[in-house]
Every structure is written in structure tokens, then in C-alpha cells.
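A.B. asks: One structure, pasted below without further comment.
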Amino acid sequence: MNLLKSIFISNYMTLMMAIAGYAGWMLYQGGNPIAWSGAILTAGPLLMVITRLMLFKNVARTSAHFPFINFLGAVGVGLAVWAWYGQGASAIAPALALAGWFGFLLYAYWFSTYGGRQPSAKLKIGSTLPGFTVRNASGATVTSAQLTDKPAILIFFRGNWCPLCMAQIKELASRYRDISALGVRIALISPQPHSNTEALAKKFGVEFDFITDEGNAAARALGIAQAHGLPMGMQMMGYDSETVLPTVIITGNNGKVIWTHETDNYRIRPEPDVYLEVLRRNRIVPDAA
């Protein structure tokens, strides 16, 4: 199933660009404006959102299913079908509109979710993390015990290629002084090439632990690895096909797990204030924090 999703997302991006581009060209050539505007509505809005995410990397989370874009897609199909049936417009327009809207529905309701992801049995509240070793940005080996020798927020993210992950890190970096002042470690862990981890540490220059999970070993030890989680074609950038399910783990003073966030939708991420609330609720930091 993950392999199908990996293939789907790469082809879906191409499909959206093709539909929007062709519909725009047909409008320019004097085609039926209602039919071809409808086709654009099924591909253009989400294409714009994804382009913004990729270019600016400043959106850490979105809605689960993009209801407004779904509405625009349905309207677009209706317009294209009406123009074809009632005005004799080309049948290509409604065919492309249906393809674009169906592709969106697959993206929003199938691709984006992890199929009712269940909490990892290896991440039990009150238990110690299973042992693993990783590499910090300097290349030194670090153990799970060293990462949790004080209250810690461990964020497992997919890699520098993921715009939502980068926005999540940027969001945390803007709060790092507040969090670090509380004596809480933030470790950002990814199975990406180590050079990417080094680049990320230099880019942000904050007192976080930037970590490479070589071979996705830590994710496997914690039961949060995702086979074929990388979009098809991105292997050319040095990433492995297997990646990690976005996961947040918070440990307390004794190194025990006190909270986890194991999202079932890669576009849904907790905000930093949620982490602080967890730490306050468990009396790890003062209520005034």
C-alpha cells in the first residue's frame, strides 16, 4: 500500500500541473470559459497550496481534508459538465475535471492518512524508550539514554525535503529560547543523509540536538518506521525509500515517556504550546512557563 502511495503522489503532482496547464492554454486559445475554468478549479487550488508549502516552508500544519478546496473541485466538475452538456463544449474538459477532482479526493482522504495508524506498542506511557543509537550533527554517536538524561522533546521527522517538517522546525526555532530556558532538550531526528542534518543545524543555529537516524534504526526500534514512505523519485536526492512516521515523544525527569503524538495524517502536527502544556501538566516545568 505504501508503495502505491509513493507512486501516486509523484504522478498526481504531474497530473495537476498538466490539467491546470492544458486548461489554461485552452482558455488562452478561446475555448469555452466555463468548461475550462471548471477544469482549472479541480487542479489549480491545491497546486497553489502545495507550491506555497514547497517554496516558503512556513506552514507547519493544514486542515485534514481541505474542505474548501474539495468544494471548489466539486464546483469545477459541475461547471465543466454543464458546459459540455448544455453548451456543447469539448468533452475533454469534464473528463479532465473529473480526473483532477478524483485525484484530489485520493490525495486528501487516502494518501495523506496512515490508514488508522495505531500507537506503537514500543512507546508506552511510563516506560523507558527502547535503546537505540544515532549521530548528532558533529558526527558523534548518541544513545537514547543520553538524549533523555533530562526532560526532552524528541521529534522524528521525514527529512529536509518535507516542507511541513521544515516549517515545524522553524516554528520551534522561534521558541527555542523559551523552551531551552526551562531545561528541556529538543532533539530533531531524521533518517536523512547526514550532510542534510549538518546543513539543517547550520541553517537554524539554535541549541537543539540535530540528529541523523542512520538506516532508520531508531525509528524501527520504536516501531515508527514507514516502508516506501518517500515519494517516488526522491531517492535520487540521496534519501532511502523507507522513512519515519512523523512522531513526537516527550520524556520527563526520569527519562520515562510521558506523552506521544503519533499522527494519522502527515499534515496534522501539534503546536509548540501543546508540548509546554504537557510539560506543565506533568510538573516538569513551572505553571508560569
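Letters for chains follow the order of the C-alpha cells (A, B, ...), residue numbers begin at 1 for each chain, and ligand numbers begin at 1 in the order shown.
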Per DSSP on the backbone, filter region 53-226 of chain A down to the residues in alpha helix (DSSP H) and report them as JSON, numbers by chain.
C.D. replies: {"A": [53, 54, 55, 56, 67, 68, 69, 70, 71, 72, 73, 74, 75, 76, 77, 78, 79, 80, 81, 82, 83, 84, 85, 86, 87, 92, 93, 94, 95, 96, 97, 98, 99, 100, 101, 102, 103, 104, 105, 106, 144, 145, 146, 147, 163, 164, 165, 166, 167, 168, 169, 170, 171, 172, 173, 176, 177, 178, 179, 180, 194, 195, 196, 197, 198, 199, 200, 201, 202, 203, 204, 217, 218, 219, 220, 221, 222]}
A.B. asks: Emit the selected residues as a CSV table (one decimal), in the first residue's frame, including C-alpha atoms.
C.D. replies:
chain,number,residue,atom,x,y,z
A,53,LEU,CA,4.4,24.9,1.0
A,54,MET,CA,7.4,23.8,-1.1
A,55,LEU,CA,8.6,27.3,-1.8
A,56,PHE,CA,8.2,29.0,1.6
A,67,PRO,CA,-12.9,21.1,2.7
A,68,PHE,CA,-12.8,24.4,0.8
A,69,ILE,CA,-10.6,23.0,-2.0
A,70,ASN,CA,-12.9,20.0,-2.1
A,71,PHE,CA,-15.8,22.3,-2.6
A,72,LEU,CA,-14.0,24.2,-5.4
A,73,GLY,CA,-13.3,20.8,-7.1
A,74,ALA,CA,-16.9,19.8,-7.0
A,75,VAL,CA,-18.0,23.2,-8.4
A,76,GLY,CA,-15.3,22.8,-11.1
A,77,VAL,CA,-16.7,19.4,-12.2
A,78,GLY,CA,-20.2,20.8,-12.2
A,79,LEU,CA,-19.2,23.7,-14.4
A,80,ALA,CA,-17.3,21.6,-16.8
A,81,VAL,CA,-20.1,19.0,-17.1
A,82,TRP,CA,-22.7,21.8,-17.5
A,83,ALA,CA,-20.7,23.5,-20.3
A,84,TRP,CA,-20.3,20.2,-22.1
A,85,TYR,CA,-23.9,19.0,-21.7
A,86,GLY,CA,-25.7,22.4,-22.1
A,87,GLN,CA,-23.3,24.4,-24.3
A,92,ILE,CA,-12.2,16.8,-22.7
A,93,ALA,CA,-12.9,19.5,-20.1
A,94,PRO,CA,-15.2,17.5,-17.9
A,95,ALA,CA,-13.0,14.4,-18.3
A,96,LEU,CA,-10.0,16.3,-17.0
A,97,ALA,CA,-12.1,18.0,-14.3
A,98,LEU,CA,-13.3,14.6,-13.1
A,99,ALA,CA,-9.7,13.2,-13.1
A,100,GLY,CA,-8.5,16.3,-11.2
A,101,TRP,CA,-11.2,16.1,-8.6
A,102,PHE,CA,-10.9,12.3,-8.2
A,103,GLY,CA,-7.1,12.7,-7.8
A,104,PHE,CA,-7.7,15.3,-5.1
A,105,LEU,CA,-10.1,13.0,-3.2
A,106,LEU,CA,-7.4,10.3,-3.3
A,144,SER,CA,18.7,7.2,23.6
A,145,ALA,CA,19.7,7.3,27.3
A,146,GLN,CA,21.9,10.4,26.6
A,147,LEU,CA,19.0,12.1,24.7
A,163,PRO,CA,8.1,21.3,3.7
A,164,LEU,CA,5.7,20.7,6.7
A,165,CYS,CA,8.6,19.2,8.7
A,166,MET,CA,10.8,22.3,7.9
A,167,ALA,CA,8.0,24.6,8.9
A,168,GLN,CA,7.6,22.7,12.1
A,169,ILE,CA,11.3,23.1,12.9
A,170,LYS,CA,11.2,26.8,12.0
A,171,GLU,CA,8.2,27.2,14.4
A,172,LEU,CA,10.1,25.5,17.2
A,173,ALA,CA,13.3,27.5,16.5
A,176,TYR,CA,13.8,27.9,21.4
A,177,ARG,CA,14.9,30.4,24.0
A,178,ASP,CA,11.7,29.9,25.9
A,179,ILE,CA,11.9,26.1,25.8
A,180,SER,CA,15.7,25.9,26.4
A,194,HIS,CA,24.0,13.1,7.4
A,195,SER,CA,25.0,16.0,5.2
A,196,ASN,CA,21.4,17.2,5.3
A,197,THR,CA,21.4,17.1,9.1
A,198,GLU,CA,24.6,19.1,9.2
A,199,ALA,CA,23.1,21.7,6.8
A,200,LEU,CA,20.0,21.9,8.9
A,201,ALA,CA,22.0,22.6,12.1
A,202,LYS,CA,23.9,25.4,10.4
A,203,LYS,CA,20.8,26.9,8.9
A,204,PHE,CA,19.0,27.3,12.2
A,217,ALA,CA,17.4,2.1,13.1
A,218,ALA,CA,15.9,4.3,15.9
A,219,ALA,CA,12.6,4.5,14.1
A,220,ARG,CA,12.5,0.7,13.7
A,221,ALA,CA,13.4,0.3,17.4
A,222,LEU,CA,10.4,2.5,18.3
A.B. asks: Could you make a table, as CSV, of the residues of region 243-269 of chain A that have an atom within 8 Å of an atom of region 115-124 of chain A, each with its nearest atom pair and distance in Å to one decimal, counting only C-alpha atoms, in chain and number order?
C.D. replies:
residue,atom,partner,partner_atom,distance
A:Val257,CA,A:Lys124,CA,6.9
A:Thr260,CA,A:Leu123,CA,7.6
A:Glu262,CA,A:Pro119,CA,6.4
A:Thr263,CA,A:Arg117,CA,7.5
A:Asp264,CA,A:Arg117,CA,5.3
A.B. asks: Can you spit out the residues from that selection as a PDB file, in the first residue's frame, using N, CA and C atoms?
C.D. replies:
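Saved to out_30.pdb:
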ATOM      1  N   VAL A 257       8.735   7.944  29.249  1.00  0.00           N
ATOM      2  CA  VAL A 257       7.814   8.548  28.284  1.00  0.00           C
ATOM      3  C   VAL A 257       6.589   9.068  29.022  1.00  0.00           C
ATOM      4  N   THR A 260       3.054  11.082  23.865  1.00  0.00           N
ATOM      5  CA  THR A 260       3.441  10.897  22.463  1.00  0.00           C
ATOM      6  C   THR A 260       2.366  11.494  21.565  1.00  0.00           C
ATOM      7  N   GLU A 262       1.327  10.578  17.730  1.00  0.00           N
ATOM      8  CA  GLU A 262       1.551   9.719  16.572  1.00  0.00           C
ATOM      9  C   GLU A 262       0.435   9.989  15.568  1.00  0.00           C
ATOM     10  N   THR A 263       0.641  11.024  14.762  1.00  0.00           N
ATOM     11  CA  THR A 263      -0.409  11.497  13.869  1.00  0.00           C
ATOM     12  C   THR A 263      -0.830  10.446  12.848  1.00  0.00           C
ATOM     13  N   ASP A 264      -2.098  10.473  12.487  1.00  0.00           N
ATOM     14  CA  ASP A 264      -2.606   9.596  11.439  1.00  0.00           C
ATOM     15  C   ASP A 264      -2.727  10.345  10.116  1.00  0.00           C
TER      16      ASP A 264
END
A.B. asks: Identify all residues of region 171-284 of chain A in strand (DSSP E or B) (DSSP on the backbone) and supply them as a PyMOL selection string.
C.D. replies: chain A and resi 185-190+209-212+225-226+243-244+247-251+256-262+265
A.B. asks: May I ask which of the residues A:Ile189, A:Ile153, A:Ala43, A:Cys162 is the closest one to Arg135 (chain A), counting only C-alpha atoms?
C.D. replies: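 Residue with the minimum atom-to-atom distance to Arg135 (chain A): A:Ile189.
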A.B. asks: Using only C-alpha atoms, which of A:Val206, A:Ala227, A:Val244, A:Val49 sits nearest Gln192 (chain A)?
C.D. replies: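 Of all the options, A:Val244 lies closest to Gln192 (chain A).
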A.B. asks: Suppose you want the space between CA of Asn32 (chain A) and CA of Ser90 (chain A); what is it in Å?
C.D. replies: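 Computing it gives 8.0 Å between the two atoms.
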A.B. asks: So which residues touch Leu4 (chain A) within 12 Å, counting only C-alpha atoms, skipping near sequence neighbours fewer than 3 positions away, as a list of chain:residue names?
C.D. replies: A:Met1, A:Ile7, A:Phe8, A:Ile9, A:Ser10, A:Asn11, A:Tyr12, A:Leu106, A:Trp110, A:Phe111, A:Ala227, A:His228, A:Gly229, A:Leu230, A:Pro231, A:Met232
A.B. asks: Can you write just those residues out, N, CA, C and O atoms, as a PDB file, in the first residue's frame?
C.D. replies:
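Contents of the output file again.pdb:
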ATOM      1  N   MET A   1       0.820  -1.208   0.000  1.00  0.00           N
ATOM      2  CA  MET A   1       0.000   0.000   0.000  1.00  0.00           C
ATOM      3  C   MET A   1       0.860   1.267   0.000  1.00  0.00           C
ATOM      4  O   MET A   1       0.607   2.215  -0.740  1.00  0.00           O
ATOM      5  N   ILE A   7       4.091   5.988  -5.455  1.00  0.00           N
ATOM      6  CA  ILE A   7       3.948   6.171  -6.898  1.00  0.00           C
ATOM      7  C   ILE A   7       2.861   7.208  -7.194  1.00  0.00           C
ATOM      8  O   ILE A   7       3.010   8.069  -8.066  1.00  0.00           O
ATOM      9  N   PHE A   8       1.764   7.133  -6.440  1.00  0.00           N
ATOM     10  CA  PHE A   8       0.633   8.036  -6.673  1.00  0.00           C
ATOM     11  C   PHE A   8       1.030   9.491  -6.532  1.00  0.00           C
ATOM     12  O   PHE A   8       0.723  10.317  -7.407  1.00  0.00           O
ATOM     13  N   ILE A   9       1.711   9.856  -5.437  1.00  0.00           N
ATOM     14  CA  ILE A   9       1.946  11.274  -5.178  1.00  0.00           C
ATOM     15  C   ILE A   9       2.829  11.904  -6.247  1.00  0.00           C
ATOM     16  O   ILE A   9       2.617  13.051  -6.651  1.00  0.00           O
ATOM     17  N   SER A  10       3.804  11.169  -6.733  1.00  0.00           N
ATOM     18  CA  SER A  10       4.662  11.710  -7.777  1.00  0.00           C
ATOM     19  C   SER A  10       3.874  11.936  -9.070  1.00  0.00           C
ATOM     20  O   SER A  10       4.029  12.967  -9.742  1.00  0.00           O
ATOM     21  N   ASN A  11       3.008  10.995  -9.423  1.00  0.00           N
ATOM     22  CA  ASN A  11       2.218  11.130 -10.642  1.00  0.00           C
ATOM     23  C   ASN A  11       1.090  12.143 -10.484  1.00  0.00           C
ATOM     24  O   ASN A  11       0.710  12.817 -11.454  1.00  0.00           O
ATOM     25  N   TYR A  12       0.543  12.259  -9.261  1.00  0.00           N
ATOM     26  CA  TYR A  12      -0.535  13.211  -9.029  1.00  0.00           C
ATOM     27  C   TYR A  12      -0.046  14.643  -9.212  1.00  0.00           C
ATOM     28  O   TYR A  12      -0.744  15.485  -9.778  1.00  0.00           O
ATOM     29  N   LEU A 106      -8.397  11.325  -3.645  1.00  0.00           N
ATOM     30  CA  LEU A 106      -7.415  10.309  -3.260  1.00  0.00           C
ATOM     31  C   LEU A 106      -6.322  10.933  -2.399  1.00  0.00           C
ATOM     32  O   LEU A 106      -5.906  10.354  -1.396  1.00  0.00           O
ATOM     33  N   TRP A 110      -7.005   9.525   1.172  1.00  0.00           N
ATOM     34  CA  TRP A 110      -6.276   8.248   1.151  1.00  0.00           C
ATOM     35  C   TRP A 110      -4.781   8.458   1.340  1.00  0.00           C
ATOM     36  O   TRP A 110      -4.207   7.953   2.304  1.00  0.00           O
ATOM     37  N   PHE A 111      -4.161   9.228   0.460  1.00  0.00           N
ATOM     38  CA  PHE A 111      -2.713   9.390   0.529  1.00  0.00           C
ATOM     39  C   PHE A 111      -2.262  10.044   1.829  1.00  0.00           C
ATOM     40  O   PHE A 111      -1.268   9.613   2.439  1.00  0.00           O
ATOM     41  N   ALA A 227       7.828   1.930   5.665  1.00  0.00           N
ATOM     42  CA  ALA A 227       8.371   1.401   4.419  1.00  0.00           C
ATOM     43  C   ALA A 227       7.759   2.135   3.225  1.00  0.00           C
ATOM     44  O   ALA A 227       6.563   2.439   3.219  1.00  0.00           O
ATOM     45  N   HIS A 228       8.566   2.440   2.220  1.00  0.00           N
ATOM     46  CA  HIS A 228       8.117   3.116   0.999  1.00  0.00           C
ATOM     47  C   HIS A 228       7.393   4.433   1.303  1.00  0.00           C
ATOM     48  O   HIS A 228       6.451   4.813   0.610  1.00  0.00           O
ATOM     49  N   GLY A 229       7.853   5.130   2.348  1.00  0.00           N
ATOM     50  CA  GLY A 229       7.198   6.386   2.714  1.00  0.00           C
ATOM     51  C   GLY A 229       7.680   7.581   1.920  1.00  0.00           C
ATOM     52  O   GLY A 229       7.096   8.657   2.002  1.00  0.00           O
ATOM     53  N   LEU A 230       8.742   7.415   1.147  1.00  0.00           N
ATOM     54  CA  LEU A 230       9.299   8.509   0.370  1.00  0.00           C
ATOM     55  C   LEU A 230       8.605   8.603  -0.992  1.00  0.00           C
ATOM     56  O   LEU A 230       8.398   7.581  -1.642  1.00  0.00           O
ATOM     57  N   PRO A 231       8.222   9.824  -1.421  1.00  0.00           N
ATOM     58  CA  PRO A 231       7.640   9.951  -2.765  1.00  0.00           C
ATOM     59  C   PRO A 231       8.585   9.392  -3.824  1.00  0.00           C
ATOM     60  O   PRO A 231       9.790   9.638  -3.793  1.00  0.00           O
ATOM     61  N   MET A 232       8.052   8.643  -4.743  1.00  0.00           N
ATOM     62  CA  MET A 232       8.847   8.013  -5.783  1.00  0.00           C
ATOM     63  C   MET A 232       9.657   9.058  -6.554  1.00  0.00           C
ATOM     64  O   MET A 232       9.149  10.100  -6.939  1.00  0.00           O
TER      65      MET A 232
END
A.B. asks: Quick one: of A:Arg175, A:Ser37, A:Ala23, A:Leu46, who's nearest to Asp273 (chain A), counting only C-alpha atoms?
C.D. replies: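 Of A:Arg175, A:Ser37, A:Ala23, A:Leu46, the one nearest Asp273 (chain A), counting only C-alpha atoms, is A:Arg175.
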A.B. asks: Just give me the gap between CA of Asn160 (chain A) and CA of Met237 (chain A) in Å, one decimal is fine.
C.D. replies: 10.7 Å
A.B. asks: Kindly indicate which residue among A:Ser127, A:Trp161, A:Pro33, A:Gly24 lies nearest to Gly238 (chain A), using only C-alpha atoms for the distances.
C.D. replies: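 For Gly238 (chain A), the nearest of the given residues is A:Trp161.
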A.B. asks: Can you measure CA of Ala152 (chain A) to CA of Arg61 (chain A) for me? One decimal in Å is fine.
C.D. replies: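 So the answer is 22.2 Å.
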A.B. asks: Excluding Thr148 (chain A) and residues on its chain fewer than 2 positions from it, collect all residues at most 10 Å away from it, counting only C-alpha atoms, and give them as a tab-separated table (two decimals) with all heavy atoms, in the first residue's frame.
C.D. replies:
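Final output, saved to result-v8.tsv:
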chain	number	residue	atom	x	y	z
A	128	THR	N	10.49	3.29	29.69
A	128	THR	CA	11.72	3.84	29.14
A	128	THR	C	11.77	3.54	27.65
A	128	THR	O	11.33	2.48	27.20
A	128	THR	CB	12.94	3.21	29.82
A	128	THR	OG1	12.87	3.46	31.23
A	128	THR	CG2	14.24	3.78	29.28
A	129	LEU	N	12.30	4.48	26.88
A	129	LEU	CA	12.42	4.25	25.45
A	129	LEU	C	13.28	3.02	25.17
A	129	LEU	O	14.29	2.80	25.86
A	129	LEU	CB	13.07	5.45	24.77
A	129	LEU	CG	12.23	6.70	24.53
A	129	LEU	CD1	13.10	7.78	23.89
A	129	LEU	CD2	11.04	6.40	23.66
A	143	THR	N	23.31	7.98	22.38
A	143	THR	CA	22.35	6.93	22.74
A	143	THR	C	21.02	7.54	23.17
A	143	THR	O	20.94	8.72	23.50
A	143	THR	CB	22.89	6.06	23.88
A	143	THR	OG1	22.96	6.86	25.08
A	143	THR	CG2	24.28	5.52	23.55
A	144	SER	N	20.01	6.70	23.19
A	144	SER	CA	18.70	7.15	23.64
A	144	SER	C	18.76	7.60	25.10
A	144	SER	O	18.07	8.55	25.49
A	144	SER	CB	17.67	6.04	23.47
A	144	SER	OG	18.11	4.84	24.09
A	145	ALA	N	19.58	6.95	25.90
A	145	ALA	CA	19.71	7.34	27.30
A	145	ALA	C	20.30	8.73	27.43
A	145	ALA	O	19.90	9.52	28.29
A	145	ALA	CB	20.57	6.32	28.05
A	146	GLN	N	21.26	9.06	26.56
A	146	GLN	CA	21.85	10.40	26.59
A	146	GLN	C	20.86	11.46	26.14
A	146	GLN	O	20.89	12.59	26.64
A	146	GLN	CB	23.10	10.43	25.70
A	146	GLN	CG	24.28	9.64	26.27
A	146	GLN	CD	25.43	9.55	25.28
A	146	GLN	OE1	25.24	9.17	24.12
A	146	GLN	NE2	26.63	9.89	25.73
A	150	LYS	N	17.62	14.34	30.61
A	150	LYS	CA	16.84	15.42	31.21
A	150	LYS	C	15.54	15.51	30.42
A	150	LYS	O	15.40	14.83	29.38
A	150	LYS	CB	17.61	16.74	31.15
A	150	LYS	CG	17.89	17.27	29.75
A	150	LYS	CD	18.63	18.60	29.84
A	150	LYS	CE	18.88	19.20	28.47
A	150	LYS	NZ	19.55	20.52	28.55
A	151	PRO	N	14.55	16.27	30.89
A	151	PRO	CA	13.30	16.35	30.13
A	151	PRO	C	13.57	16.66	28.66
A	151	PRO	O	14.38	17.53	28.33
A	151	PRO	CB	12.55	17.50	30.81
A	151	PRO	CG	13.06	17.46	32.23
A	151	PRO	CD	14.51	17.08	32.12
A	152	ALA	N	12.92	15.93	27.77
A	152	ALA	CA	13.24	16.04	26.35
A	152	ALA	C	12.00	15.94	25.48
A	152	ALA	O	11.04	15.24	25.81
A	152	ALA	CB	14.24	14.96	25.95
A	153	ILE	N	12.05	16.67	24.37
A	153	ILE	CA	11.06	16.58	23.31
A	153	ILE	C	11.77	16.00	22.10
A	153	ILE	O	12.66	16.64	21.54
A	153	ILE	CB	10.45	17.95	22.97
A	153	ILE	CG1	9.81	18.58	24.21
A	153	ILE	CG2	9.42	17.81	21.85
A	153	ILE	CD1	9.38	20.03	24.00
A	154	LEU	N	11.43	14.79	21.73
A	154	LEU	CA	12.06	14.13	20.59
A	154	LEU	C	11.10	14.19	19.41
A	154	LEU	O	9.98	13.66	19.49
A	154	LEU	CB	12.38	12.66	20.93
A	154	LEU	CG	13.12	12.40	22.24
A	154	LEU	CD1	13.36	10.90	22.40
A	154	LEU	CD2	14.43	13.15	22.29
A	184	VAL	N	14.78	22.00	29.00
A	184	VAL	CA	14.21	20.91	28.21
A	184	VAL	C	15.00	20.76	26.92
A	184	VAL	O	15.27	21.73	26.22
A	184	VAL	CB	12.72	21.19	27.88
A	184	VAL	CG1	12.15	20.08	27.01
A	184	VAL	CG2	11.92	21.33	29.17
A	185	ARG	N	15.41	19.54	26.61
A	185	ARG	CA	16.13	19.26	25.37
A	185	ARG	C	15.12	19.09	24.23
A	185	ARG	O	14.07	18.48	24.40
A	185	ARG	CB	16.96	18.00	25.51
A	185	ARG	CG	17.52	17.47	24.18
A	185	ARG	CD	18.36	16.23	24.32
A	185	ARG	NE	19.69	16.58	24.81
A	185	ARG	CZ	20.18	16.21	25.98
A	185	ARG	NH1	19.43	15.47	26.80
A	185	ARG	NH2	21.39	16.56	26.35
A	186	ILE	N	15.48	19.61	23.07
A	186	ILE	CA	14.72	19.34	21.84
A	186	ILE	C	15.65	18.63	20.88
A	186	ILE	O	16.69	19.16	20.50
A	186	ILE	CB	14.18	20.63	21.21
A	186	ILE	CG1	13.15	21.28	22.13
A	186	ILE	CG2	13.55	20.32	19.84
A	186	ILE	CD1	12.53	22.53	21.57
A	187	ALA	N	15.28	17.41	20.50
A	187	ALA	CA	16.07	16.62	19.55
A	187	ALA	C	15.25	16.40	18.29
A	187	ALA	O	14.10	15.95	18.35
A	187	ALA	CB	16.46	15.28	20.17
A	250	ILE	N	7.69	12.91	24.30
A	250	ILE	CA	8.17	13.75	25.40
A	250	ILE	C	8.50	12.85	26.58
A	250	ILE	O	7.69	11.99	26.98
A	250	ILE	CB	7.12	14.80	25.81
A	250	ILE	CG1	6.83	15.74	24.64
A	250	ILE	CG2	7.61	15.60	27.01
A	250	ILE	CD1	5.84	16.85	24.95
A	251	THR	N	9.70	13.02	27.11
A	251	THR	CA	10.13	12.27	28.29
A	251	THR	C	10.33	13.22	29.46
A	251	THR	O	10.62	14.41	29.28
A	251	THR	CB	11.45	11.51	28.02
A	251	THR	OG1	12.46	12.45	27.63
A	251	THR	CG2	11.26	10.50	26.90
A	252	GLY	N	10.18	12.69	30.68
A	252	GLY	CA	10.26	13.52	31.88
A	252	GLY	C	11.63	13.49	32.54
A	252	GLY	O	12.63	13.09	31.93
A	253	ASN	N	11.65	13.90	33.80
A	253	ASN	CA	12.91	13.99	34.55
A	253	ASN	C	13.60	12.65	34.69
A	253	ASN	O	14.83	12.58	34.76
A	253	ASN	CB	12.64	14.58	35.94
A	253	ASN	CG	12.28	16.05	35.88
A	253	ASN	OD1	12.97	16.83	35.23
A	253	ASN	ND2	11.19	16.43	36.53
A	254	ASN	N	12.82	11.59	34.75
A	254	ASN	CA	13.39	10.26	34.95
A	254	ASN	C	13.62	9.51	33.64
A	254	ASN	O	13.92	8.32	33.64
A	254	ASN	CB	12.48	9.43	35.86
A	254	ASN	CG	11.05	9.35	35.32
A	254	ASN	OD1	10.76	9.84	34.23
A	254	ASN	ND2	10.16	8.75	36.09
A	255	GLY	N	13.49	10.21	32.51
A	255	GLY	CA	13.70	9.57	31.22
A	255	GLY	C	12.55	8.71	30.75
A	255	GLY	O	12.64	8.07	29.69
A	256	LYS	N	11.44	8.71	31.49
A	256	LYS	CA	10.28	7.91	31.09
A	256	LYS	C	9.40	8.67	30.10
A	256	LYS	O	9.32	9.90	30.14
A	256	LYS	CB	9.44	7.55	32.32
A	256	LYS	CG	10.20	6.83	33.43
A	256	LYS	CD	10.66	5.45	33.01
A	256	LYS	CE	11.31	4.72	34.18
A	256	LYS	NZ	11.81	3.38	33.82
A	257	VAL	N	8.73	7.94	29.25
A	257	VAL	CA	7.81	8.55	28.28
A	257	VAL	C	6.59	9.07	29.02
A	257	VAL	O	5.94	8.34	29.77
A	257	VAL	CB	7.38	7.52	27.22
A	257	VAL	CG1	6.36	8.14	26.28
A	257	VAL	CG2	8.59	7.01	26.45
